[in-house]
Amino acid sequence: MRRLVPAWAVLSLAAVVLLSCEAVPLGGRGSFDPAASRLLLYIHSTSPSPPEVAFTIESIEIESADGEWGTLVDRTIDVDSRVLAAGQRFLGESFVRPGAYKAVRLVVSRASTGGEGERVSLALPEPEGTVVFTRQLKLERGESTVLSFAWDADRSIEKGYRFSPDIAMEVQVHSARGLLLFVSNSGSNYLSIIDRSLERVVGAVTVGSRPMGMALNETANRIYVVGRGSGEITVVDAVHLQVLDRIVLTTGVDPTDIAFMPEREGAADGKLYIVNRISNDVTVVSTTARRVIGVIPVGMRPAFIASDPERRELYVVNERSNDLHIISAVDDRVVAVVPVDQNPGGVAVKDGSVYVFCEGANRINIVSPSQRKVVSTFTVVDPPRRGAVGFGGRLFVANTAVDTLTFFNTLNVPTRTIPAGPGPIAFAGDERRNRLYISNFNGDTVSVADPFAERLLKELRVGENPYGLLILDR
């Protein structure tokens, strides 16, 4: 027999829904609200060698479809053409009511041109220093959207005395643009999307709470994101930049990292392996069934997982038990436990060897997966936390505790150690563009490095506590 829902319950639920919608302001800062839409605001220069022009943004506002204006950014921001020519700048984050919008405006309070000591004030745009961008926007509940202002400083002074900013507003679109780099921002509940050809943030996707590790299914163009706070896997369409599905993790405590193992080479489905730091195990999820199908006990405080599709094995390092667990993806069981040095925090696979980065011993262990033992060890100056292999078999190591990066040659000999951003933790390499990307967990940035010149080139501002990096090539 069907149970009838009392009328008072229906009315109460409707009231709650209405109140929750009204509670979302038209615009403003604050903590993440799943009932709101998030706007991420950036500005970049389109002039490679611009004249010296500077202006001050007093506020950024948005107009709803019914003509109501709300404030997105209410603090003064100084913009300098020479500084901006070096890279994109983050202007702010705001949460707004979902719905239709028709315009955005910048309010400019000052503008000037010329070098230091020779600054000349410019007349402001009319009326009252405002620059209005008419654009129809549809902002959905719970989604994140990037708005970018593209400024051409060369064409922004009119008649030699008036500041007439040549700025175009670019809105995130759900389509592929060049080669993409995805960044999981564990403190912001969204992925930042960087166009590597432009080297700037072009989009964002809201995912589960505290997103950490990511894994790519290249055949299906899907990204699997671990939500440490939500206890779920968010499945993201890497082509259209939208959430496709959410898989609840019914087992495991404190999920952090993830690896994908296809059923066979080129298969569209397979299994996900999720590291659980507190419950000391690995959760196995079938992407076909979209549910948990097993749990594999490992060592104490598992820190990271890597996969080798050719051997159909996974490698888990455990910080407290100081060992490496080797898991067979054929039958999802541990086939070997290899003792390593103290406090292993990361692992990388190179030329049939497994590199284990032992932060507590300032050592890197090389494990033979076939012999199931450490076959070589070398000591480094700074404590290694994570590492990656690429660019012809070279090794790159993040020394997270001391904020440095170490570069190695193909013989595993360190060639240079340089200062890095705060808390470097993950790598991604673009070999065609000669770029190495490093997420800085404590700096809210991604560093761009030249792996051959062994130097940092620039930093890109992303969300809070960026953790994982994942490259999409197509």
# chains A, B, ... in the order shown; residues from 1 in each chain; ligands from 1
$ residues_around --residues "Pro297 of chain A" --least-positions-apart "4" --cutoff "8 Å" --atoms "only C-alpha atoms" --output "list in words"
Asn280, Asp281 and Val282 of chain A
$ select_by_dssp --residues "segment 55-112 of chain A" --states "strand (DSSP E)" --output "JSON, numbers by chain"
{"A": [55, 56, 57, 58, 59, 60, 61, 62, 63, 64, 69, 70, 71, 72, 73, 77, 78, 79, 80, 89, 90, 91, 92, 93, 94, 95, 96, 99, 100, 101, 102, 103, 104, 105, 106, 107, 108, 109, 110, 111, 112]}
$ residues_around --residues "segment 230-234 of chain A" --least-positions-apart "3" --cutoff "9 Å" --atoms "only C-alpha atoms" --output "compact mmCIF listing (two decimals) with all heavy atoms, in the first residue's frame"
# COMPACT_ATOMS: atom_id res chain seq x y z
N VAL A 207 32.93 19.84 -8.24
CA VAL A 207 32.93 18.40 -7.98
C VAL A 207 32.60 18.18 -6.50
O VAL A 207 32.11 19.08 -5.83
CB VAL A 207 34.29 17.76 -8.36
CG1 VAL A 207 34.47 17.77 -9.87
CG2 VAL A 207 35.45 18.47 -7.69
N GLY A 208 32.90 16.98 -5.99
CA GLY A 208 32.59 16.69 -4.59
C GLY A 208 33.49 17.44 -3.63
O GLY A 208 34.51 18.03 -4.01
N SER A 209 33.13 17.41 -2.36
CA SER A 209 33.85 18.15 -1.32
C SER A 209 35.29 17.65 -1.17
O SER A 209 35.54 16.46 -1.15
CB SER A 209 33.10 18.01 0.00
OG SER A 209 33.84 18.57 1.07
N ARG A 210 36.22 18.59 -1.09
CA ARG A 210 37.65 18.34 -0.91
C ARG A 210 38.21 17.39 -1.97
O ARG A 210 38.70 16.31 -1.66
CB ARG A 210 37.95 17.83 0.50
CG ARG A 210 37.57 18.78 1.61
CD ARG A 210 37.90 18.21 2.97
NE ARG A 210 39.35 18.09 3.15
CZ ARG A 210 39.92 17.39 4.12
NH1 ARG A 210 39.18 16.75 5.00
NH2 ARG A 210 41.24 17.34 4.22
N PRO A 211 38.17 17.79 -3.23
CA PRO A 211 38.70 16.93 -4.30
C PRO A 211 40.21 16.75 -4.17
O PRO A 211 40.94 17.71 -3.97
CB PRO A 211 38.34 17.68 -5.57
CG PRO A 211 38.23 19.12 -5.14
CD PRO A 211 37.68 19.07 -3.76
N ILE A 223 37.19 11.77 -16.44
CA ILE A 223 38.09 12.00 -15.31
C ILE A 223 37.37 11.58 -14.04
O ILE A 223 36.21 11.95 -13.82
CB ILE A 223 38.51 13.48 -15.23
CG1 ILE A 223 39.29 13.87 -16.48
CG2 ILE A 223 39.34 13.75 -13.99
CD1 ILE A 223 39.60 15.35 -16.58
N TYR A 224 38.05 10.81 -13.22
CA TYR A 224 37.49 10.36 -11.95
C TYR A 224 38.19 11.12 -10.83
O TYR A 224 39.42 11.10 -10.72
CB TYR A 224 37.70 8.85 -11.78
CG TYR A 224 37.15 8.04 -12.93
CD1 TYR A 224 38.01 7.54 -13.92
CD2 TYR A 224 35.79 7.78 -13.06
CE1 TYR A 224 37.52 6.81 -14.99
CE2 TYR A 224 35.30 7.04 -14.12
CZ TYR A 224 36.15 6.55 -15.09
OH TYR A 224 35.66 5.83 -16.15
N VAL A 225 37.40 11.80 -10.00
CA VAL A 225 37.93 12.68 -8.96
C VAL A 225 37.51 12.17 -7.59
O VAL A 225 36.31 11.97 -7.33
CB VAL A 225 37.43 14.13 -9.14
CG1 VAL A 225 38.13 15.07 -8.16
CG2 VAL A 225 37.63 14.60 -10.58
N VAL A 226 38.48 11.98 -6.70
CA VAL A 226 38.18 11.54 -5.34
C VAL A 226 37.74 12.73 -4.49
O VAL A 226 38.45 13.73 -4.39
CB VAL A 226 39.42 10.91 -4.67
CG1 VAL A 226 39.12 10.54 -3.23
CG2 VAL A 226 39.87 9.68 -5.43
N GLY A 227 36.56 12.63 -3.86
CA GLY A 227 36.11 13.65 -2.92
C GLY A 227 36.42 13.21 -1.50
O GLY A 227 35.71 12.39 -0.93
N VAL A 243 29.84 17.45 -15.11
CA VAL A 243 29.73 16.24 -14.28
C VAL A 243 28.75 15.27 -14.92
O VAL A 243 27.62 15.64 -15.27
CB VAL A 243 29.28 16.60 -12.85
CG1 VAL A 243 29.02 15.33 -12.04
CG2 VAL A 243 30.34 17.45 -12.16
N LEU A 244 29.18 14.01 -15.07
CA LEU A 244 28.34 12.98 -15.64
C LEU A 244 27.68 12.10 -14.59
O LEU A 244 26.56 11.63 -14.76
CB LEU A 244 29.17 12.08 -16.57
CG LEU A 244 29.78 12.72 -17.81
CD1 LEU A 244 30.67 11.72 -18.53
CD2 LEU A 244 28.68 13.21 -18.74
N ASP A 245 28.41 11.84 -13.50
CA ASP A 245 27.92 10.86 -12.53
C ASP A 245 28.66 11.05 -11.21
O ASP A 245 29.70 11.70 -11.15
CB ASP A 245 28.16 9.45 -13.06
CG ASP A 245 27.35 8.38 -12.34
OD1 ASP A 245 26.51 8.74 -11.49
OD2 ASP A 245 27.59 7.19 -12.60
N ARG A 246 28.10 10.48 -10.16
CA ARG A 246 28.76 10.43 -8.85
C ARG A 246 28.62 9.01 -8.31
O ARG A 246 27.53 8.45 -8.31
CB ARG A 246 28.15 11.44 -7.87
CG ARG A 246 28.28 12.89 -8.34
CD ARG A 246 27.71 13.88 -7.33
NE ARG A 246 27.64 15.22 -7.87
CZ ARG A 246 28.63 16.10 -7.85
NH1 ARG A 246 29.78 15.76 -7.30
NH2 ARG A 246 28.48 17.31 -8.37
N ILE A 247 29.73 8.44 -7.87
CA ILE A 247 29.75 7.08 -7.35
C ILE A 247 30.06 7.15 -5.85
O ILE A 247 31.13 7.62 -5.46
CB ILE A 247 30.80 6.21 -8.07
CG1 ILE A 247 30.53 6.19 -9.57
CG2 ILE A 247 30.81 4.80 -7.49
CD1 ILE A 247 31.64 5.53 -10.38
N VAL A 248 29.14 6.69 -5.03
CA VAL A 248 29.32 6.75 -3.58
C VAL A 248 30.26 5.64 -3.13
O VAL A 248 30.12 4.48 -3.53
CB VAL A 248 27.96 6.60 -2.86
CG1 VAL A 248 28.16 6.57 -1.34
CG2 VAL A 248 27.03 7.74 -3.25
N LEU A 249 31.24 6.01 -2.31
CA LEU A 249 32.18 5.03 -1.75
C LEU A 249 31.59 4.50 -0.45
O LEU A 249 31.59 5.20 0.57
CB LEU A 249 33.55 5.69 -1.51
CG LEU A 249 34.25 6.20 -2.78
CD1 LEU A 249 35.51 6.96 -2.42
CD2 LEU A 249 34.56 5.04 -3.72
N THR A 250 31.09 3.30 -0.49
CA THR A 250 30.41 2.72 0.68
C THR A 250 31.39 2.11 1.67
O THR A 250 30.98 1.66 2.74
CB THR A 250 29.41 1.65 0.21
OG1 THR A 250 30.08 0.69 -0.62
CG2 THR A 250 28.28 2.29 -0.60
N THR A 251 32.67 2.05 1.33
CA THR A 251 33.69 1.54 2.24
C THR A 251 34.87 2.49 2.24
O THR A 251 35.03 3.31 1.33
CB THR A 251 34.19 0.15 1.83
OG1 THR A 251 34.86 0.26 0.55
CG2 THR A 251 33.05 -0.85 1.70
N GLY A 252 35.71 2.37 3.28
CA GLY A 252 36.92 3.17 3.35
C GLY A 252 36.73 4.48 4.08
O GLY A 252 35.67 5.11 4.00
N VAL A 253 37.79 4.89 4.82
CA VAL A 253 37.76 6.14 5.57
C VAL A 253 38.92 7.02 5.11
O VAL A 253 40.07 6.58 5.06
CB VAL A 253 37.89 5.88 7.09
CG1 VAL A 253 37.84 7.20 7.86
CG2 VAL A 253 36.80 4.93 7.57
N ASP A 254 38.61 8.25 4.74
CA ASP A 254 39.57 9.25 4.29
C ASP A 254 40.18 8.89 2.93
O ASP A 254 41.40 8.70 2.80
CB ASP A 254 40.68 9.44 5.33
CG ASP A 254 41.45 10.75 5.12
OD1 ASP A 254 40.95 11.61 4.38
OD2 ASP A 254 42.55 10.89 5.69
N PRO A 255 39.36 8.83 1.89
CA PRO A 255 39.89 8.54 0.54
C PRO A 255 40.68 9.73 0.00
O PRO A 255 40.23 10.88 0.10
CB PRO A 255 38.62 8.31 -0.28
CG PRO A 255 37.56 9.11 0.42
CD PRO A 255 37.91 9.05 1.88
$ residues_around --residues "Leu91 of chain A" --least-positions-apart "4" --cutoff "8 Å" --atoms "only C-alpha atoms" --output "PyMOL selection string"
chain A and resi 40-43+73+77
$ residues_around --residues "Ala259 of chain A" --least-positions-apart "6" --cutoff "7 Å" --atoms "only C-alpha atoms" --output "list in words"
Ala215, Leu272, Tyr273, Ile274, Ile305, Ala306 and Ser307 of chain A
$ write_last_selection --atoms "all heavy atoms" --output "PDB file, in the first residue's frame"
ATOM      1  N   ALA A 215      42.084  10.493 -11.792  1.00  0.00           N
ATOM      2  CA  ALA A 215      42.532   9.467 -12.730  1.00  0.00           C
ATOM      3  C   ALA A 215      41.826   9.682 -14.055  1.00  0.00           C
ATOM      4  O   ALA A 215      40.667  10.102 -14.089  1.00  0.00           O
ATOM      5  CB  ALA A 215      42.237   8.061 -12.191  1.00  0.00           C
ATOM      6  N   LEU A 272      38.552   1.227 -10.702  1.00  0.00           N
ATOM      7  CA  LEU A 272      39.194   2.312  -9.975  1.00  0.00           C
ATOM      8  C   LEU A 272      39.700   1.775  -8.646  1.00  0.00           C
ATOM      9  O   LEU A 272      39.020   0.982  -7.988  1.00  0.00           O
ATOM     10  CB  LEU A 272      38.209   3.458  -9.732  1.00  0.00           C
ATOM     11  CG  LEU A 272      37.613   4.126 -10.973  1.00  0.00           C
ATOM     12  CD1 LEU A 272      36.484   5.066 -10.564  1.00  0.00           C
ATOM     13  CD2 LEU A 272      38.685   4.880 -11.743  1.00  0.00           C
ATOM     14  N   TYR A 273      40.887   2.233  -8.249  1.00  0.00           N
ATOM     15  CA  TYR A 273      41.480   1.834  -6.975  1.00  0.00           C
ATOM     16  C   TYR A 273      41.714   3.097  -6.155  1.00  0.00           C
ATOM     17  O   TYR A 273      42.459   3.990  -6.568  1.00  0.00           O
ATOM     18  CB  TYR A 273      42.787   1.076  -7.203  1.00  0.00           C
ATOM     19  CG  TYR A 273      42.592  -0.233  -7.932  1.00  0.00           C
ATOM     20  CD1 TYR A 273      42.459  -0.276  -9.314  1.00  0.00           C
ATOM     21  CD2 TYR A 273      42.521  -1.434  -7.223  1.00  0.00           C
ATOM     22  CE1 TYR A 273      42.264  -1.471  -9.989  1.00  0.00           C
ATOM     23  CE2 TYR A 273      42.327  -2.642  -7.890  1.00  0.00           C
ATOM     24  CZ  TYR A 273      42.196  -2.649  -9.269  1.00  0.00           C
ATOM     25  OH  TYR A 273      42.004  -3.841  -9.926  1.00  0.00           O
ATOM     26  N   ILE A 274      41.051   3.173  -4.988  1.00  0.00           N
ATOM     27  CA  ILE A 274      41.067   4.383  -4.175  1.00  0.00           C
ATOM     28  C   ILE A 274      41.770   4.114  -2.851  1.00  0.00           C
ATOM     29  O   ILE A 274      41.405   3.187  -2.113  1.00  0.00           O
ATOM     30  CB  ILE A 274      39.631   4.903  -3.915  1.00  0.00           C
ATOM     31  CG1 ILE A 274      38.939   5.226  -5.241  1.00  0.00           C
ATOM     32  CG2 ILE A 274      39.663   6.127  -3.020  1.00  0.00           C
ATOM     33  CD1 ILE A 274      38.075   4.121  -5.787  1.00  0.00           C
ATOM     34  N   ILE A 305      49.117   6.057  -4.705  1.00  0.00           N
ATOM     35  CA  ILE A 305      48.973   4.859  -5.534  1.00  0.00           C
ATOM     36  C   ILE A 305      49.364   5.189  -6.971  1.00  0.00           C
ATOM     37  O   ILE A 305      49.095   6.283  -7.463  1.00  0.00           O
ATOM     38  CB  ILE A 305      47.535   4.302  -5.466  1.00  0.00           C
ATOM     39  CG1 ILE A 305      47.440   2.959  -6.193  1.00  0.00           C
ATOM     40  CG2 ILE A 305      46.530   5.306  -6.016  1.00  0.00           C
ATOM     41  CD1 ILE A 305      46.122   2.232  -5.941  1.00  0.00           C
ATOM     42  N   ALA A 306      50.035   4.245  -7.612  1.00  0.00           N
ATOM     43  CA  ALA A 306      50.382   4.364  -9.030  1.00  0.00           C
ATOM     44  C   ALA A 306      50.082   3.042  -9.707  1.00  0.00           C
ATOM     45  O   ALA A 306      50.072   1.990  -9.062  1.00  0.00           O
ATOM     46  CB  ALA A 306      51.852   4.738  -9.199  1.00  0.00           C
ATOM     47  N   SER A 307      49.862   3.084 -11.014  1.00  0.00           N
ATOM     48  CA  SER A 307      49.501   1.864 -11.743  1.00  0.00           C
ATOM     49  C   SER A 307      50.467   1.594 -12.882  1.00  0.00           C
ATOM     50  O   SER A 307      51.105   2.509 -13.418  1.00  0.00           O
ATOM     51  CB  SER A 307      48.077   1.975 -12.300  1.00  0.00           C
ATOM     52  OG  SER A 307      48.005   2.996 -13.281  1.00  0.00           O
TER      53      SER A 307
END
$ closest_residue --among "A:Asn276, A:Trp69, A:Glu310, A:Pro419" --to "Ile296 of chain A" --atoms "only C-alpha atoms"
A:Asn276
$ residues_around --residues "Asp450 of chain A" --least-positions-apart "2" --cutoff "7 Å" --atoms "only C-alpha atoms" --output "VMD selection string"
chain A and resid 434 to 436 452 to 457
$ write_last_selection --atoms "all heavy atoms" --output "PDB file, in the first residue's frame"
ATOM      1  N   ASN A 434      57.460  21.478 -23.917  1.00  0.00           N
ATOM      2  CA  ASN A 434      58.581  21.623 -22.998  1.00  0.00           C
ATOM      3  C   ASN A 434      58.147  22.353 -21.719  1.00  0.00           C
ATOM      4  O   ASN A 434      58.760  23.340 -21.297  1.00  0.00           O
ATOM      5  CB  ASN A 434      59.744  22.371 -23.664  1.00  0.00           C
ATOM      6  CG  ASN A 434      60.996  22.380 -22.799  1.00  0.00           C
ATOM      7  OD1 ASN A 434      61.255  21.440 -22.049  1.00  0.00           O
ATOM      8  ND2 ASN A 434      61.770  23.454 -22.885  1.00  0.00           N
ATOM      9  N   ARG A 435      57.106  21.832 -21.109  1.00  0.00           N
ATOM     10  CA  ARG A 435      56.594  22.457 -19.888  1.00  0.00           C
ATOM     11  C   ARG A 435      56.353  21.385 -18.823  1.00  0.00           C
ATOM     12  O   ARG A 435      55.823  20.305 -19.094  1.00  0.00           O
ATOM     13  CB  ARG A 435      55.282  23.195 -20.148  1.00  0.00           C
ATOM     14  CG  ARG A 435      55.430  24.470 -20.981  1.00  0.00           C
ATOM     15  CD  ARG A 435      56.177  25.535 -20.224  1.00  0.00           C
ATOM     16  NE  ARG A 435      56.227  26.796 -20.939  1.00  0.00           N
ATOM     17  CZ  ARG A 435      57.214  27.150 -21.759  1.00  0.00           C
ATOM     18  NH1 ARG A 435      58.230  26.311 -21.972  1.00  0.00           N
ATOM     19  NH2 ARG A 435      57.201  28.328 -22.361  1.00  0.00           N
ATOM     20  N   LEU A 436      56.734  21.722 -17.601  1.00  0.00           N
ATOM     21  CA  LEU A 436      56.473  20.888 -16.442  1.00  0.00           C
ATOM     22  C   LEU A 436      55.601  21.696 -15.494  1.00  0.00           C
ATOM     23  O   LEU A 436      55.914  22.857 -15.189  1.00  0.00           O
ATOM     24  CB  LEU A 436      57.788  20.495 -15.754  1.00  0.00           C
ATOM     25  CG  LEU A 436      57.702  19.534 -14.564  1.00  0.00           C
ATOM     26  CD1 LEU A 436      57.269  18.140 -15.035  1.00  0.00           C
ATOM     27  CD2 LEU A 436      59.050  19.455 -13.852  1.00  0.00           C
ATOM     28  N   PHE A 452      64.225  21.574 -19.043  1.00  0.00           N
ATOM     29  CA  PHE A 452      65.592  21.497 -19.567  1.00  0.00           C
ATOM     30  C   PHE A 452      66.448  22.659 -19.065  1.00  0.00           C
ATOM     31  O   PHE A 452      67.612  22.470 -18.718  1.00  0.00           O
ATOM     32  CB  PHE A 452      65.556  21.431 -21.094  1.00  0.00           C
ATOM     33  CG  PHE A 452      64.949  20.164 -21.602  1.00  0.00           C
ATOM     34  CD1 PHE A 452      63.634  20.130 -22.056  1.00  0.00           C
ATOM     35  CD2 PHE A 452      65.670  18.977 -21.604  1.00  0.00           C
ATOM     36  CE1 PHE A 452      63.062  18.949 -22.505  1.00  0.00           C
ATOM     37  CE2 PHE A 452      65.101  17.783 -22.045  1.00  0.00           C
ATOM     38  CZ  PHE A 452      63.795  17.779 -22.503  1.00  0.00           C
ATOM     39  N   ALA A 453      65.860  23.845 -19.014  1.00  0.00           N
ATOM     40  CA  ALA A 453      66.582  24.968 -18.405  1.00  0.00           C
ATOM     41  C   ALA A 453      66.572  24.868 -16.884  1.00  0.00           C
ATOM     42  O   ALA A 453      67.328  25.562 -16.209  1.00  0.00           O
ATOM     43  CB  ALA A 453      65.960  26.294 -18.841  1.00  0.00           C
ATOM     44  N   GLU A 454      65.693  24.008 -16.357  1.00  0.00           N
ATOM     45  CA  GLU A 454      65.597  23.746 -14.912  1.00  0.00           C
ATOM     46  C   GLU A 454      65.334  25.036 -14.139  1.00  0.00           C
ATOM     47  O   GLU A 454      66.025  25.380 -13.183  1.00  0.00           O
ATOM     48  CB  GLU A 454      66.854  23.033 -14.413  1.00  0.00           C
ATOM     49  CG  GLU A 454      67.054  21.676 -15.074  1.00  0.00           C
ATOM     50  CD  GLU A 454      68.280  20.919 -14.594  1.00  0.00           C
ATOM     51  OE1 GLU A 454      69.130  21.555 -13.936  1.00  0.00           O
ATOM     52  OE2 GLU A 454      68.377  19.710 -14.870  1.00  0.00           O
ATOM     53  N   ARG A 455      64.265  25.719 -14.549  1.00  0.00           N
ATOM     54  CA  ARG A 455      63.879  26.958 -13.867  1.00  0.00           C
ATOM     55  C   ARG A 455      62.369  27.154 -13.960  1.00  0.00           C
ATOM     56  O   ARG A 455      61.707  26.612 -14.861  1.00  0.00           O
ATOM     57  CB  ARG A 455      64.584  28.168 -14.481  1.00  0.00           C
ATOM     58  CG  ARG A 455      64.218  28.440 -15.930  1.00  0.00           C
ATOM     59  CD  ARG A 455      65.087  29.530 -16.527  1.00  0.00           C
ATOM     60  NE  ARG A 455      64.730  29.806 -17.917  1.00  0.00           N
ATOM     61  CZ  ARG A 455      63.872  30.763 -18.290  1.00  0.00           C
ATOM     62  NH1 ARG A 455      63.288  31.538 -17.364  1.00  0.00           N
ATOM     63  NH2 ARG A 455      63.595  30.956 -19.569  1.00  0.00           N
ATOM     64  N   LEU A 456      61.839  27.934 -13.018  1.00  0.00           N
ATOM     65  CA  LEU A 456      60.422  28.264 -13.023  1.00  0.00           C
ATOM     66  C   LEU A 456      60.182  29.439 -13.958  1.00  0.00           C
ATOM     67  O   LEU A 456      60.963  30.391 -13.992  1.00  0.00           O
ATOM     68  CB  LEU A 456      59.943  28.607 -11.610  1.00  0.00           C
ATOM     69  CG  LEU A 456      60.020  27.492 -10.565  1.00  0.00           C
ATOM     70  CD1 LEU A 456      59.461  27.983  -9.231  1.00  0.00           C
ATOM     71  CD2 LEU A 456      59.271  26.244 -11.014  1.00  0.00           C
ATOM     72  N   LEU A 457      59.075  29.381 -14.703  1.00  0.00           N
ATOM     73  CA  LEU A 457      58.750  30.427 -15.663  1.00  0.00           C
ATOM     74  C   LEU A 457      57.655  31.357 -15.167  1.00  0.00           C
ATOM     75  O   LEU A 457      57.734  32.567 -15.337  1.00  0.00           O
ATOM     76  CB  LEU A 457      58.306  29.793 -16.989  1.00  0.00           C
ATOM     77  CG  LEU A 457      59.317  28.865 -17.658  1.00  0.00           C
ATOM     78  CD1 LEU A 457      58.689  28.206 -18.875  1.00  0.00           C
ATOM     79  CD2 LEU A 457      60.569  29.633 -18.043  1.00  0.00           C
TER      80      LEU A 457
END
$ atom_distance --atom1 "atom CA of Phe427 of chain A" --atom2 "atom CA of Asn440 of chain A"
9.9 Å
$ residues_around --residues "Leu39 of chain A" --least-positions-apart "4" --cutoff "8 Å" --atoms "only C-alpha atoms" --output "ChimeraX atom specification"
/A:93-96,144-147
$ write_last_selection --atoms "all heavy atoms" --output "PDB file, in the first residue's frame"
ATOM      1  N   GLU A  93      36.516  35.689  -6.354  1.00  0.00           N
ATOM      2  CA  GLU A  93      35.516  34.624  -6.414  1.00  0.00           C
ATOM      3  C   GLU A  93      34.240  35.144  -5.789  1.00  0.00           C
ATOM      4  O   GLU A  93      34.272  35.856  -4.790  1.00  0.00           O
ATOM      5  CB  GLU A  93      36.042  33.406  -5.648  1.00  0.00           C
ATOM      6  CG  GLU A  93      35.057  32.278  -5.461  1.00  0.00           C
ATOM      7  CD  GLU A  93      35.629  31.180  -4.575  1.00  0.00           C
ATOM      8  OE1 GLU A  93      35.778  31.412  -3.346  1.00  0.00           O
ATOM      9  OE2 GLU A  93      35.934  30.113  -5.102  1.00  0.00           O
ATOM     10  N   SER A  94      33.105  34.796  -6.387  1.00  0.00           N
ATOM     11  CA  SER A  94      31.830  35.259  -5.850  1.00  0.00           C
ATOM     12  C   SER A  94      30.766  34.195  -6.042  1.00  0.00           C
ATOM     13  O   SER A  94      30.827  33.407  -6.994  1.00  0.00           O
ATOM     14  CB  SER A  94      31.403  36.557  -6.540  1.00  0.00           C
ATOM     15  OG  SER A  94      30.219  37.068  -5.960  1.00  0.00           O
ATOM     16  N   PHE A  95      29.790  34.175  -5.132  1.00  0.00           N
ATOM     17  CA  PHE A  95      28.663  33.247  -5.227  1.00  0.00           C
ATOM     18  C   PHE A  95      27.398  34.047  -5.488  1.00  0.00           C
ATOM     19  O   PHE A  95      27.129  35.054  -4.818  1.00  0.00           O
ATOM     20  CB  PHE A  95      28.529  32.438  -3.933  1.00  0.00           C
ATOM     21  CG  PHE A  95      29.702  31.543  -3.672  1.00  0.00           C
ATOM     22  CD1 PHE A  95      30.762  31.972  -2.888  1.00  0.00           C
ATOM     23  CD2 PHE A  95      29.764  30.281  -4.243  1.00  0.00           C
ATOM     24  CE1 PHE A  95      31.855  31.157  -2.663  1.00  0.00           C
ATOM     25  CE2 PHE A  95      30.856  29.457  -4.018  1.00  0.00           C
ATOM     26  CZ  PHE A  95      31.906  29.900  -3.231  1.00  0.00           C
ATOM     27  N   VAL A  96      26.630  33.619  -6.483  1.00  0.00           N
ATOM     28  CA  VAL A  96      25.422  34.345  -6.877  1.00  0.00           C
ATOM     29  C   VAL A  96      24.240  33.402  -6.964  1.00  0.00           C
ATOM     30  O   VAL A  96      24.401  32.187  -7.034  1.00  0.00           O
ATOM     31  CB  VAL A  96      25.619  35.058  -8.237  1.00  0.00           C
ATOM     32  CG1 VAL A  96      26.777  36.024  -8.179  1.00  0.00           C
ATOM     33  CG2 VAL A  96      25.822  34.045  -9.348  1.00  0.00           C
ATOM     34  N   SER A 144      30.341  25.971 -11.347  1.00  0.00           N
ATOM     35  CA  SER A 144      31.389  26.983 -11.312  1.00  0.00           C
ATOM     36  C   SER A 144      31.647  27.467 -12.727  1.00  0.00           C
ATOM     37  O   SER A 144      31.698  26.663 -13.664  1.00  0.00           O
ATOM     38  CB  SER A 144      32.680  26.416 -10.720  1.00  0.00           C
ATOM     39  OG  SER A 144      32.480  25.980  -9.388  1.00  0.00           O
ATOM     40  N   THR A 145      31.821  28.778 -12.893  1.00  0.00           N
ATOM     41  CA  THR A 145      32.029  29.372 -14.208  1.00  0.00           C
ATOM     42  C   THR A 145      33.149  30.395 -14.137  1.00  0.00           C
ATOM     43  O   THR A 145      33.216  31.179 -13.186  1.00  0.00           O
ATOM     44  CB  THR A 145      30.744  30.061 -14.709  1.00  0.00           C
ATOM     45  OG1 THR A 145      29.681  29.106 -14.750  1.00  0.00           O
ATOM     46  CG2 THR A 145      30.939  30.654 -16.092  1.00  0.00           C
ATOM     47  N   VAL A 146      34.014  30.383 -15.142  1.00  0.00           N
ATOM     48  CA  VAL A 146      35.100  31.356 -15.233  1.00  0.00           C
ATOM     49  C   VAL A 146      34.693  32.489 -16.171  1.00  0.00           C
ATOM     50  O   VAL A 146      34.244  32.254 -17.293  1.00  0.00           O
ATOM     51  CB  VAL A 146      36.401  30.692 -15.737  1.00  0.00           C
ATOM     52  CG1 VAL A 146      37.447  31.739 -16.101  1.00  0.00           C
ATOM     53  CG2 VAL A 146      36.957  29.746 -14.676  1.00  0.00           C
ATOM     54  N   LEU A 147      34.849  33.735 -15.680  1.00  0.00           N
ATOM     55  CA  LEU A 147      34.714  34.924 -16.520  1.00  0.00           C
ATOM     56  C   LEU A 147      36.095  35.556 -16.641  1.00  0.00           C
ATOM     57  O   LEU A 147      36.726  35.867 -15.633  1.00  0.00           O
ATOM     58  CB  LEU A 147      33.743  35.938 -15.906  1.00  0.00           C
ATOM     59  CG  LEU A 147      32.261  35.560 -15.797  1.00  0.00           C
ATOM     60  CD1 LEU A 147      31.469  36.738 -15.237  1.00  0.00           C
ATOM     61  CD2 LEU A 147      31.707  35.152 -17.149  1.00  0.00           C
TER      62      LEU A 147
END
$ atom_distance --atom1 "atom CA of Asp237 of chain A" --atom2 "atom CA of Val183 of chain A"
14.5 Å
$ closest_residue --among "A:Arg196, A:Phe182, A:Asp331, A:Pro414" --to "Ala426 of chain A" --atoms "only C-alpha atoms"
A:Phe182
$ atom_distance --atom1 "atom CA of Arg372 of chain A" --atom2 "atom CA of Ile293 of chain A"
26.8 Å
$ closest_residue --among "A:Glu218, A:Asp351, A:Glu359, A:Glu319" --to "Leu472 of chain A" --atoms "only C-alpha atoms"
A:Glu218
